[in-house]
Every structure is written in structure tokens, then in C-alpha cells.
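What follows is the content of run-v4.tsv, which has TSV, C-alpha atoms:
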```
chain	number	residue	atom	x	y	z
A	125	MET	CA	-112.03	12.92	116.24
A	126	ALA	CA	-114.37	15.04	114.13
A	127	GLN	CA	-115.97	13.41	111.14
A	128	HIS	CA	-115.19	14.85	107.73
A	129	PHE	CA	-118.32	15.19	105.62
A	130	THR	CA	-118.70	17.26	102.47
A	131	ARG	CA	-121.65	17.87	100.19
A	132	ARG	CA	-120.10	15.40	97.78
A	133	SER	CA	-119.66	12.72	100.45
A	134	ALA	CA	-123.25	13.20	101.58
A	135	LEU	CA	-124.48	12.77	98.02
A	136	THR	CA	-122.39	9.66	97.52
A	137	ILE	CA	-123.72	8.06	100.67
A	138	VAL	CA	-127.24	8.61	99.32
A	139	ALA	CA	-126.15	7.20	95.97
A	140	GLY	CA	-124.75	4.15	97.69
A	141	GLY	CA	-128.12	3.54	99.29
A	142	ALA	CA	-129.63	3.51	95.82
A	143	SER	CA	-127.31	0.72	94.75
A	144	LEU	CA	-127.73	-0.97	91.43
A	145	ALA	CA	-128.63	-3.99	93.48
A	146	ALA	CA	-131.72	-2.21	94.75
A	147	GLY	CA	-133.98	-5.16	94.01
A	148	ARG	CA	-132.25	-7.37	96.56
A	149	VAL	CA	-133.63	-7.69	100.06
A	150	TRP	CA	-131.48	-6.74	103.04
A	151	ALA	CA	-130.54	-9.58	105.34
A	152	ALA	CA	-132.21	-9.19	108.72
A	153	ASP	CA	-128.84	-9.50	110.44
A	154	ALA	CA	-126.92	-7.11	108.13
A	155	LYS	CA	-124.03	-5.55	110.03
A	156	GLU	CA	-123.58	-1.80	109.98
A	157	GLY	CA	-120.23	-0.73	108.63
A	158	ARG	CA	-118.26	2.34	107.63
A	159	GLU	CA	-115.65	2.52	104.91
A	160	VAL	CA	-113.48	5.57	104.27
A	161	TYR	CA	-111.69	6.74	101.12
A	162	PRO	CA	-109.45	9.82	100.79
A	163	VAL	CA	-110.66	11.91	97.83
A	164	ALA	CA	-113.07	11.68	94.89
A	165	VAL	CA	-110.91	10.11	92.17
A	166	PRO	CA	-111.17	6.79	90.28
A	167	VAL	CA	-108.11	5.23	91.90
A	168	TYR	CA	-110.45	4.26	94.75
A	169	GLN	CA	-112.88	2.59	92.34
A	170	THR	CA	-112.82	-0.79	94.10
A	171	HIS	CA	-114.73	0.58	97.08
A	172	PHE	CA	-117.11	2.53	94.88
A	173	VAL	CA	-117.93	-0.57	92.82
A	174	ALA	CA	-118.34	-2.75	95.92
A	175	ASP	CA	-120.97	-0.30	97.12
A	176	ARG	CA	-122.77	0.49	93.87
A	177	ALA	CA	-122.82	-3.08	92.53
A	178	GLY	CA	-124.26	-4.35	95.80
A	179	PHE	CA	-121.30	-6.51	96.85
A	180	PHE	CA	-121.16	-5.03	100.36
A	181	ARG	CA	-124.89	-5.67	100.68
A	182	GLU	CA	-124.63	-9.26	99.43
A	183	ALA	CA	-121.84	-9.88	101.96
A	184	GLY	CA	-124.25	-8.90	104.74
A	185	LEU	CA	-123.03	-5.35	105.29
A	186	ASP	CA	-125.07	-2.18	105.63
A	187	CYS	CA	-122.04	-0.13	104.62
A	188	LYS	CA	-121.72	3.64	104.40
A	189	LEU	CA	-118.85	5.17	102.42
A	190	ILE	CA	-117.26	8.32	103.84
A	191	GLN	CA	-114.87	10.70	102.13
A	192	GLY	CA	-111.97	11.38	104.48
A	193	GLY	CA	-110.59	14.40	102.64
A	194	SER	CA	-107.02	13.09	102.32
A	195	GLY	CA	-104.97	9.96	102.88
A	196	VAL	CA	-103.72	11.16	106.24
A	197	LYS	CA	-107.24	11.96	107.47
A	198	THR	CA	-108.35	8.53	106.24
A	199	ARG	CA	-105.59	6.97	108.33
A	200	GLU	CA	-106.68	8.96	111.39
A	201	ILE	CA	-110.28	7.82	110.98
A	202	ILE	CA	-109.20	4.17	110.81
A	203	ALA	CA	-106.89	4.61	113.82
A	204	SER	CA	-109.72	6.06	115.90
A	205	SER	CA	-112.09	3.20	114.90
A	206	GLN	CA	-114.57	5.61	113.33
A	207	ALA	CA	-114.50	3.34	110.27
A	208	ASP	CA	-113.77	-0.34	109.78
A	209	ILE	CA	-111.70	-0.32	106.64
A	210	GLY	CA	-109.96	2.27	104.50
A	211	ILE	CA	-108.20	2.55	101.19
A	212	GLY	CA	-105.01	4.51	100.68
A	213	ASP	CA	-101.25	4.37	100.37
A	214	ILE	CA	-99.70	1.25	101.88
A	215	THR	CA	-97.57	3.46	104.11
A	216	HIS	CA	-100.64	4.42	106.14
A	217	PRO	CA	-100.98	1.07	107.94
A	218	MET	CA	-97.20	1.08	108.35
A	219	GLN	CA	-97.41	4.47	110.06
A	220	LEU	CA	-100.13	3.09	112.31
A	221	SER	CA	-97.93	0.15	113.30
A	222	ASN	CA	-95.03	2.49	114.03
A	223	HIS	CA	-97.30	4.37	116.43
A	224	GLY	CA	-98.59	1.33	118.29
A	225	ARG	CA	-101.88	0.84	116.40
A	226	ALA	CA	-100.98	-2.42	114.56
A	227	GLY	CA	-102.00	-1.42	111.04
A	228	ARG	CA	-102.82	-4.31	108.73
A	229	VAL	CA	-102.89	-4.50	104.92
A	230	LEU	CA	-105.79	-6.70	103.85
A	231	ALA	CA	-105.08	-6.62	100.11
A	232	PRO	CA	-103.16	-4.51	97.59
A	233	VAL	CA	-105.01	-2.52	94.95
A	234	ASP	CA	-102.37	-1.86	92.31
A	235	THR	CA	-98.89	-2.70	91.04
A	236	ARG	CA	-97.58	0.85	90.59
A	237	SER	CA	-98.80	4.33	91.40
A	238	SER	CA	-101.38	5.97	89.16
A	239	SER	CA	-101.20	9.29	91.00
A	240	VAL	CA	-97.67	10.63	90.45
A	241	MET	CA	-98.33	13.05	87.62
A	242	PHE	CA	-96.62	16.41	88.07
A	243	ILE	CA	-99.08	18.98	86.71
A	244	ILE	CA	-97.52	22.41	86.16
A	245	ARG	CA	-99.26	25.76	85.75
A	246	LYS	CA	-99.67	26.30	82.02
A	247	ASP	CA	-98.22	29.81	82.22
A	248	LEU	CA	-94.99	28.34	83.60
A	249	LYS	CA	-94.89	25.65	80.92
A	250	ASP	CA	-95.35	28.40	78.33
A	251	GLN	CA	-92.32	30.18	79.83
A	252	GLY	CA	-90.20	27.16	78.95
A	253	ILE	CA	-90.24	25.17	82.19
A	254	THR	CA	-90.51	21.69	80.75
A	255	THR	CA	-88.52	19.53	83.20
A	256	LEU	CA	-88.34	19.04	86.95
A	257	GLU	CA	-84.79	20.37	86.87
A	258	ALA	CA	-85.94	23.58	85.19
A	259	LEU	CA	-88.74	23.91	87.73
A	260	THR	CA	-86.32	23.81	90.65
A	261	GLU	CA	-84.13	26.49	89.06
A	262	TRP	CA	-87.10	28.86	88.84
A	263	LYS	CA	-88.07	31.10	91.75
A	264	ARG	CA	-91.43	32.59	92.66
A	265	PRO	CA	-91.78	36.40	92.41
A	266	ASP	CA	-91.00	36.73	96.13
A	267	GLY	CA	-87.82	34.66	95.69
A	268	ARG	CA	-89.19	31.52	97.32
A	269	LYS	CA	-88.79	27.97	96.04
A	270	PRO	CA	-91.47	26.53	93.74
A	271	ILE	CA	-94.49	25.24	95.65
A	272	VAL	CA	-95.55	21.66	94.93
A	273	SER	CA	-99.02	20.63	96.07
A	274	VAL	CA	-100.19	17.15	97.07
A	275	SER	CA	-103.45	16.04	98.64
A	276	SER	CA	-101.79	15.54	102.03
A	277	LEU	CA	-98.23	15.50	103.32
A	278	GLY	CA	-97.41	11.85	103.90
A	279	GLY	CA	-100.09	10.63	101.48
A	280	THR	CA	-99.60	8.66	98.25
A	281	ASN	CA	-98.77	11.61	96.02
A	282	HIS	CA	-96.21	12.95	98.46
A	283	VAL	CA	-94.54	9.61	99.23
A	284	TRP	CA	-93.89	8.66	95.62
A	285	ALA	CA	-93.33	12.13	94.15
A	286	SER	CA	-90.79	12.96	96.85
A	287	TYR	CA	-88.95	9.70	96.13
A	288	TYR	CA	-88.56	10.64	92.47
A	289	MET	CA	-87.31	14.08	93.51
A	290	GLU	CA	-84.85	12.55	95.98
A	291	LYS	CA	-83.42	10.23	93.33
A	292	MET	CA	-82.93	13.24	91.04
A	293	GLY	CA	-81.32	15.29	93.82
A	294	LEU	CA	-84.13	17.86	93.70
A	295	ASP	CA	-86.11	17.14	96.86
A	296	ASP	CA	-84.76	20.11	98.85
A	297	LYS	CA	-85.36	22.59	96.04
A	298	VAL	CA	-89.16	22.78	96.32
A	299	THR	CA	-91.68	23.42	99.09
A	300	TRP	CA	-94.33	20.74	99.61
A	301	ILE	CA	-97.81	21.59	100.85
A	302	GLY	CA	-101.06	19.64	101.26
A	303	THR	CA	-104.16	21.10	99.62
A	304	GLY	CA	-106.86	18.51	100.31
A	305	ASN	CA	-109.61	17.28	98.00
A	306	VAL	CA	-110.13	17.56	94.25
A	307	ASP	CA	-111.76	20.98	94.26
A	308	THR	CA	-109.15	22.60	96.49
A	309	MET	CA	-106.24	20.92	94.70
A	310	LEU	CA	-107.40	22.16	91.31
A	311	GLY	CA	-108.30	25.55	92.74
A	312	SER	CA	-104.83	26.06	94.18
A	313	LEU	CA	-103.29	25.42	90.76
A	314	LYS	CA	-105.80	27.54	88.87
A	315	THR	CA	-105.29	30.53	91.16
A	316	ARG	CA	-101.49	30.12	91.07
A	317	GLN	CA	-101.21	29.60	94.80
A	318	VAL	CA	-99.10	26.56	93.88
A	319	ASP	CA	-96.83	25.97	90.91
A	320	VAL	CA	-97.16	22.22	90.50
A	321	LEU	CA	-99.86	19.78	91.56
A	322	VAL	CA	-99.03	16.08	91.92
A	323	SER	CA	-102.12	13.97	91.31
A	324	SER	CA	-103.89	11.62	88.92
A	325	LEU	CA	-104.81	11.63	85.24
A	326	SER	CA	-108.34	12.91	85.77
A	327	LEU	CA	-107.04	16.09	87.43
A	328	LEU	CA	-104.41	16.52	84.74
A	329	ASN	CA	-107.00	16.21	82.00
A	330	ASP	CA	-109.39	18.62	83.66
A	331	SER	CA	-106.68	21.23	84.19
A	332	VAL	CA	-105.54	20.89	80.56
A	333	ASP	CA	-109.11	21.16	79.28
A	334	GLN	CA	-109.61	24.30	81.37
A	335	GLY	CA	-106.44	25.83	79.97
A	336	TRP	CA	-104.44	26.34	83.15
A	337	GLY	CA	-102.51	23.07	83.58
A	338	ALA	CA	-100.00	20.96	81.65
A	339	LEU	CA	-98.05	17.74	82.19
A	340	LEU	CA	-94.50	18.27	83.46
A	341	PHE	CA	-93.42	14.76	84.51
A	342	ASP	CA	-95.30	11.45	84.39
A	343	GLY	CA	-94.23	9.27	87.28
A	344	THR	CA	-96.93	6.75	86.41
A	345	ASP	CA	-95.30	5.85	83.08
A	346	GLU	CA	-94.15	2.22	83.18
A	347	THR	CA	-90.71	2.95	81.72
A	348	ILE	CA	-90.04	5.74	84.23
A	349	TRP	CA	-91.46	3.64	87.07
A	350	ASN	CA	-89.24	0.69	86.24
A	351	LYS	CA	-86.17	2.93	85.96
A	352	TYR	CA	-86.58	4.36	89.45
A	353	ILE	CA	-88.64	1.71	91.28
A	354	GLY	CA	-87.69	-1.49	89.50
A	355	GLY	CA	-91.01	-3.26	88.93
A	356	LYS	CA	-94.24	-4.27	90.62
A	357	VAL	CA	-94.86	-2.68	94.03
A	358	PRO	CA	-98.08	-2.55	96.09
A	359	VAL	CA	-98.83	1.18	96.31
A	360	THR	CA	-102.48	1.49	97.31
A	361	SER	CA	-104.09	-0.96	99.74
A	362	HIS	CA	-107.21	-1.86	101.68
A	363	PHE	CA	-106.23	-1.54	105.32
A	364	THR	CA	-107.46	-1.58	108.90
A	365	VAL	CA	-106.07	-2.08	112.41
A	366	GLN	CA	-105.70	-5.35	114.26
A	367	SER	CA	-108.13	-4.32	117.00
A	368	THR	CA	-110.90	-3.92	114.40
A	369	ILE	CA	-110.12	-7.38	113.01
A	370	ASP	CA	-110.16	-8.90	116.48
A	371	LYS	CA	-113.50	-7.27	117.30
A	372	ASP	CA	-115.32	-8.99	114.43
A	373	PRO	CA	-113.29	-11.21	112.04
A	374	ALA	CA	-116.44	-12.30	110.17
A	375	LYS	CA	-117.29	-8.69	109.41
A	376	MET	CA	-113.79	-8.07	108.09
A	377	GLN	CA	-114.09	-11.15	105.91
A	378	ALA	CA	-117.32	-9.74	104.50
A	379	TYR	CA	-115.56	-6.50	103.56
A	380	VAL	CA	-112.65	-8.23	101.87
A	381	THR	CA	-114.90	-10.65	100.00
A	382	ALA	CA	-116.96	-7.74	98.65
A	383	LEU	CA	-113.80	-5.88	97.60
A	384	TRP	CA	-112.41	-8.99	95.89
A	385	ARG	CA	-115.65	-9.34	93.92
A	386	ALA	CA	-115.44	-5.66	92.97
A	387	THR	CA	-111.89	-6.17	91.71
A	388	GLN	CA	-113.01	-9.02	89.47
A	389	TRP	CA	-115.99	-6.96	88.25
A	390	ILE	CA	-113.62	-4.16	87.23
A	391	LYS	CA	-111.46	-6.67	85.37
A	392	VAL	CA	-114.23	-7.67	82.96
A	393	HIS	CA	-115.95	-4.32	82.38
A	394	SER	CA	-115.10	-1.44	80.08
A	395	PRO	CA	-114.00	2.03	81.23
A	396	ASP	CA	-117.39	3.40	80.19
A	397	GLN	CA	-119.21	0.77	82.25
A	398	ILE	CA	-116.95	1.37	85.24
A	399	TYR	CA	-117.53	5.11	84.99
A	400	GLU	CA	-121.30	4.68	84.89
A	401	MET	CA	-121.03	2.57	88.03
A	402	ILE	CA	-118.85	4.95	90.06
A	403	GLU	CA	-119.97	8.34	88.67
A	404	PRO	CA	-121.70	9.50	91.89
A	405	TYR	CA	-118.34	9.31	93.64
A	406	VAL	CA	-116.19	11.08	91.04
A	407	GLY	CA	-118.47	13.84	89.77
A	408	SER	CA	-116.05	16.64	90.65
A	409	THR	CA	-114.18	15.99	87.39
A	410	SER	CA	-115.53	15.51	83.87
A	411	ARG	CA	-116.71	12.26	82.32
A	412	ASN	CA	-113.93	12.40	79.72
A	413	ALA	CA	-111.24	12.99	82.34
A	414	ASN	CA	-112.52	10.14	84.49
A	415	ILE	CA	-112.79	7.65	81.64
A	416	GLN	CA	-109.23	8.39	80.60
A	417	GLU	CA	-108.05	7.76	84.14
A	418	ILE	CA	-110.08	4.55	84.47
A	419	THR	CA	-108.54	3.37	81.19
A	420	ALA	CA	-105.06	4.04	82.56
A	421	LEU	CA	-105.91	2.31	85.84
A	422	GLN	CA	-106.70	-0.93	84.04
A	423	LYS	CA	-102.96	-1.26	83.35
A	424	VAL	CA	-101.99	-1.09	87.02
A	425	VAL	CA	-104.81	-2.81	88.95
A	426	ASP	CA	-103.61	-5.87	90.88
A	427	TYR	CA	-106.35	-8.28	89.84
A	428	ASP	CA	-104.78	-11.06	91.89
A	429	ALA	CA	-104.64	-8.81	95.00
A	430	SER	CA	-101.44	-10.41	96.28
A	431	ILE	CA	-98.18	-9.12	97.71
A	432	ASP	CA	-95.04	-11.16	97.20
A	433	ALA	CA	-91.66	-10.81	98.89
A	434	ALA	CA	-90.01	-9.31	95.79
A	435	GLY	CA	-92.61	-6.57	95.40
A	436	PHE	CA	-92.45	-5.75	99.10
A	437	ALA	CA	-88.65	-5.55	98.93
A	438	ARG	CA	-88.82	-3.13	96.00
A	439	GLY	CA	-91.09	-0.87	97.99
A	440	GLU	CA	-88.89	-0.77	101.07
A	441	LYS	CA	-86.54	1.85	99.63
A	442	VAL	CA	-89.51	4.20	99.19
A	443	TRP	CA	-91.38	3.39	102.40
A	444	PHE	CA	-88.56	3.21	104.92
A	445	ARG	CA	-86.62	6.46	104.55
A	446	GLU	CA	-86.14	9.74	106.35
A	447	MET	CA	-88.98	11.51	104.53
A	448	THR	CA	-91.64	9.04	105.72
A	449	GLY	CA	-90.11	8.47	109.14
A	450	ILE	CA	-91.34	4.86	109.04
A	451	LYS	CA	-89.19	2.35	110.87
A	452	PRO	CA	-88.64	-0.84	108.81
A	453	LEU	CA	-91.26	-3.57	109.08
A	454	THR	CA	-91.36	-7.07	107.65
A	455	ILE	CA	-94.04	-8.28	105.26
A	456	ALA	CA	-95.43	-10.52	108.02
A	457	GLU	CA	-95.76	-7.49	110.33
A	458	VAL	CA	-97.75	-5.56	107.73
A	459	VAL	CA	-99.81	-7.93	105.58
A	460	SER	CA	-102.71	-10.11	106.74
A	461	PRO	CA	-103.46	-12.31	103.69
A	462	ALA	CA	-105.94	-14.77	105.23
A	463	PHE	CA	-109.04	-12.74	104.33
A	464	ILE	CA	-108.18	-12.27	100.65
A	465	ASP	CA	-107.15	-15.94	100.42
A	466	ALA	CA	-110.60	-16.95	101.71
A	467	ALA	CA	-112.30	-14.55	99.30
A	468	ARG	CA	-110.45	-16.10	96.33
A	469	LYS	CA	-111.60	-19.56	97.36
A	470	ALA	CA	-115.20	-18.41	97.71
A	471	TYR	CA	-115.18	-16.54	94.37
A	472	PRO	CA	-112.45	-17.96	92.10
A	473	ALA	CA	-111.24	-15.51	89.44
```
Could you render the structure as C-alpha cells?
Amino acid sequence: MAQHFTRRSALTIVAGGASLAAGRVWAADAKEGREVYPVAVPVYQTHFVADRAGFFREAGLDCKLIQGGSGVKTREIIASSQADIGIGDITHPMQLSNHGRAGRVLAPVDTRSSSVMFIIRKDLKDQGITTLEALTEWKRPDGRKPIVSVSSLGGTNHVWASYYMEKMGLDDKVTWIGTGNVDTMLGSLKTRQVDVLVSSLSLLNDSVDQGWGALLFDGTDETIWNKYIGGKVPVTSHFTVQSTIDKDPAKMQAYVTALWRATQWIKVHSPDQIYEMIEPYVGSTSRNANIQEITALQKVVDYDASIDAAGFARGEKVWFREMTGIKPLTIAEVVSPAFIDAARKAYPA
């Protein structure tokens, strides 16, 4: 499969090489590795911190971070073994398992989604469209349904946003499209090619600051989340495939240990400090927008990086439905906890 490089991803790879741990000496037997993340937003901060703070390096990895361009493309890269480990919606490894690739969740990242903000064109908000119901009653000038944009069909934004719409009986009253990375997502909203963009707080803030976006519905709000979802659910995860684990378990342990250390680093640092660490990876949106999103993320990060049976059960109604096409899987078929358990023992929180 073709690799997906952008100018931004090239710059971030260079930035990763100039890690803040630059004074440390590379181990002679450092293993080359490749990690892939979907798009340039702070929700993927764990991988950015693991790189910039030198945790990959200290674990014995010469790791390059690659921007996939979307969650679905990230999944494809992992499936084709062009990268060792990825970060994205937990449904991606489930999709891999359903297609014979034995996807494995190595650790959860959060306890609810931080990327289900429905951002409407400001001109439509000014016309009085202030609810999802009102949106679905409106028609485009050519008579078509409203167009709702997500990064990729089947990615995090789509999975969770479509679930909200289904519960409200509105899912068949809009047209969903995938518009890719940060620049293209924002561009599609700005140029009115789409009517609503579902994404994260940093994109909302940037669109508001620019004067062409507004918040329509906040699916990240804890009260709304609990009403429709019911509590803690692993949404984003670090994942791979079993064949990659089998090829080099020690290498996979190194990845997970570095990511565990990054999670604990995030726990004890301020949004400003986190932003300064990850800025080379999220420069497509403003400092202010990113810091606001990082602040919001602190409320949903799973600092214990564990998945329990209750949380998995709550997620099943979202994961295993007609829209995703994922056949039901058990927690044992999806989650491989041994690596994160070993990381906790090596670096107690």
C-alpha cells in the first residue's frame, strides 16, 4: 500500500529526531520502528509525547511517527505491517479481527470521546439552525440533505456521531462524507462544501475564531455522554495486529512501556507544558485552540490505561451495530493487557 506523507508529517518526523532527550546516547541495538497516527490533533498526544520526551528512545526504539491521514488509513497501514503500532478508534482493531487480521488493543487512551463536536457553518447558525433536529429539517439549495463531514467514514468521529444521530432518529436525514486531515476538514466547512463538521475542540475553536463555524451539539459533554452512552467507555486505543506482536514481543513491550510513561507524563504536566511538547505535531491549528483542547482532554484521559468488563459492555451497543458492520467480539478477543500490565510494574504510577 502507498505510504501517506504530507509536508506536516515530514516536518514532525524531523522534529521527533530532535527530541527533547537529545542529550541521550542511542543504544547500539536500538530497534527501528514506525508508529502511525490519523490526523494532527491533540487527542493523539500520547504518541507525540512518547516521541518528543524521548520515551521511545529510552525504551530502545528508533521510532518514526507517520501521519496516516485518517483513522481508516491508519488501520490499513497497521494491517499491511507498514507500521508496528497505531492509535485510533477502538473499532479499528475490531474491524481488523472481523477481516481475519487479529487486531489487538494494547491499551485504551480515554474514557469518553473528545472528538464528537458538531461544528455548523456560522451562516446556518445565524439562520436559526441551533439543534440537530433543525439541521435535519433544512435542505441544501439543490434540495439535498445536509452534508455532515468527518475525517473518515468508519473513523472515531463517524462511529460516535452516527450513534448519537441514530438514538435521536436522525441518522438517515443527513449525508455523511469523509474529508481527511485538519486542513481539508476545515476547508470544506469554510467553503460551504459541507454543512457540519464533526471533530475536536481545537477545530471548533479555530473555526469560531475565523468567523465561519459555531458549535451545534457537544457530544463530548459528560452529561450528554452519560445520557446516551452510560459512563466510561474506551474510545481511542493503541493497537496493532497479532502477527506484529508475534514477530517481536520485546519490541511491542518497548512501545507500550514508552506510551505508558507518556501517559503518566501528561498526567502531571500543565496544558501549556503539554502543548510546548507536542507543538510540532499540531501546528495546523492555533496555540489557543490546542491548549483549550488539551485542557479538555485532561478530563477524559484514561491514566490507568485499563479496560474493564463494564466499560467494554457499554461500548458494545455503539461498536456492534449495522452502521459499523462489526460482528460482536468478546473483550478477550480484542484486548491484550499483558504489555500494559508489565509497563505498570516497571514504572508504577
Find the residues of region 142-260 of chain A that sit at most 8 Å from region 429-446 of chain A; for each, write down the nearest two atoms and how far apart they are in Å, to one decimal. Count all atoms listed in the file. Sort by chain, then by number going up, and give it as CSV.
```
residue,atom,partner,partner_atom,distance
A:Thr215,CA,A:Trp443,CA,6.4
A:Ala231,CA,A:Ala429,CA,5.6
A:Pro232,CA,A:Ala429,CA,5.2
A:Val233,CA,A:Ala429,CA,6.3
A:Asp234,CA,A:Ala429,CA,7.8
```
Please identify every residue of region 347-439 of chain A that has at least one atom no farther than 12 Å from an atom of region 271-280 of chain A, counting all atoms listed in the file, and for each give the shortest atom pair and the distance in Å to one decimal, arranged by chain then increasing number, as a Markdown table.
```
| residue | atom | partner | partner_atom | distance |
| --- | --- | --- | --- | --- |
| A:Pro358 | CA | A:Thr280 | CA | 11.5 |
| A:Val359 | CA | A:Thr280 | CA | 7.8 |
| A:Thr360 | CA | A:Thr280 | CA | 7.8 |
| A:Ser361 | CA | A:Thr280 | CA | 10.7 |
```
Which residues of region 293-358 of chain A come within 9 Å of region 180-199 of chain A, and what is each one's closest atom pair and distance in Å (one decimal), counting only C-alpha atoms, sorted by chain and residue number, as a tab-separated table?
```
residue	atom	partner	partner_atom	distance
A:Gly302	CA	A:Ser194	CA	8.9
A:Thr303	CA	A:Ser194	CA	8.9
A:Gly304	CA	A:Ser194	CA	5.8
A:Asn305	CA	A:Gly193	CA	5.5
A:Val306	CA	A:Gly193	CA	9.0
```
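Put simply, CA of Glu400 (chain A) is 19.7 Å away from CA of Trp384 (chain A).
In this model, the gap between CA of Gln251 (chain A) and CA of Asp266 (chain A) comes to 17.6 Å.
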Between CA of Gly178 (chain A) and CA of Thr387 (chain A) - distance in Å to one decimal: 13.2 Å
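Distances from A:Thr419, A:Thr260, A:Asn281, A:Ser323 to Asp295 (chain A) were compared using all atoms listed in the file, and the smallest one belongs to A:Thr260.
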Go through A:Ile464, A:Ala285, A:Ile450, A:Ala470 and flag the residue nearest Asn222 (chain A), using only C-alpha atoms for the distances. A:Ile450
Check the smallest atom-to-atom distance from each of A:Ser460, A:Asp333, A:Ala226, A:Pro270 to Ile253 (chain A) using all atoms listed in the file, then report the winner.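 Among the listed residues, A:Pro270 lies closest to Ile253 (chain A).
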Closest of A:Ser326, A:Lys246, A:Ala462, A:Gly252 to Ala374 (chain A) - atom-to-atom distances counting all atoms listed in the file: A:Ala462
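With only C-alpha atoms as the atoms that count, the minimum distance from Ser331 (chain A) to the choices A:Ile455, A:Val365, A:Ala413, A:Leu259 is reached by A:Ala413.
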For Asn414 (chain A), the nearest of the candidates A:Asp465, A:Glu457, A:Asp330, A:Asp370, counting only C-alpha atoms: A:Asp330
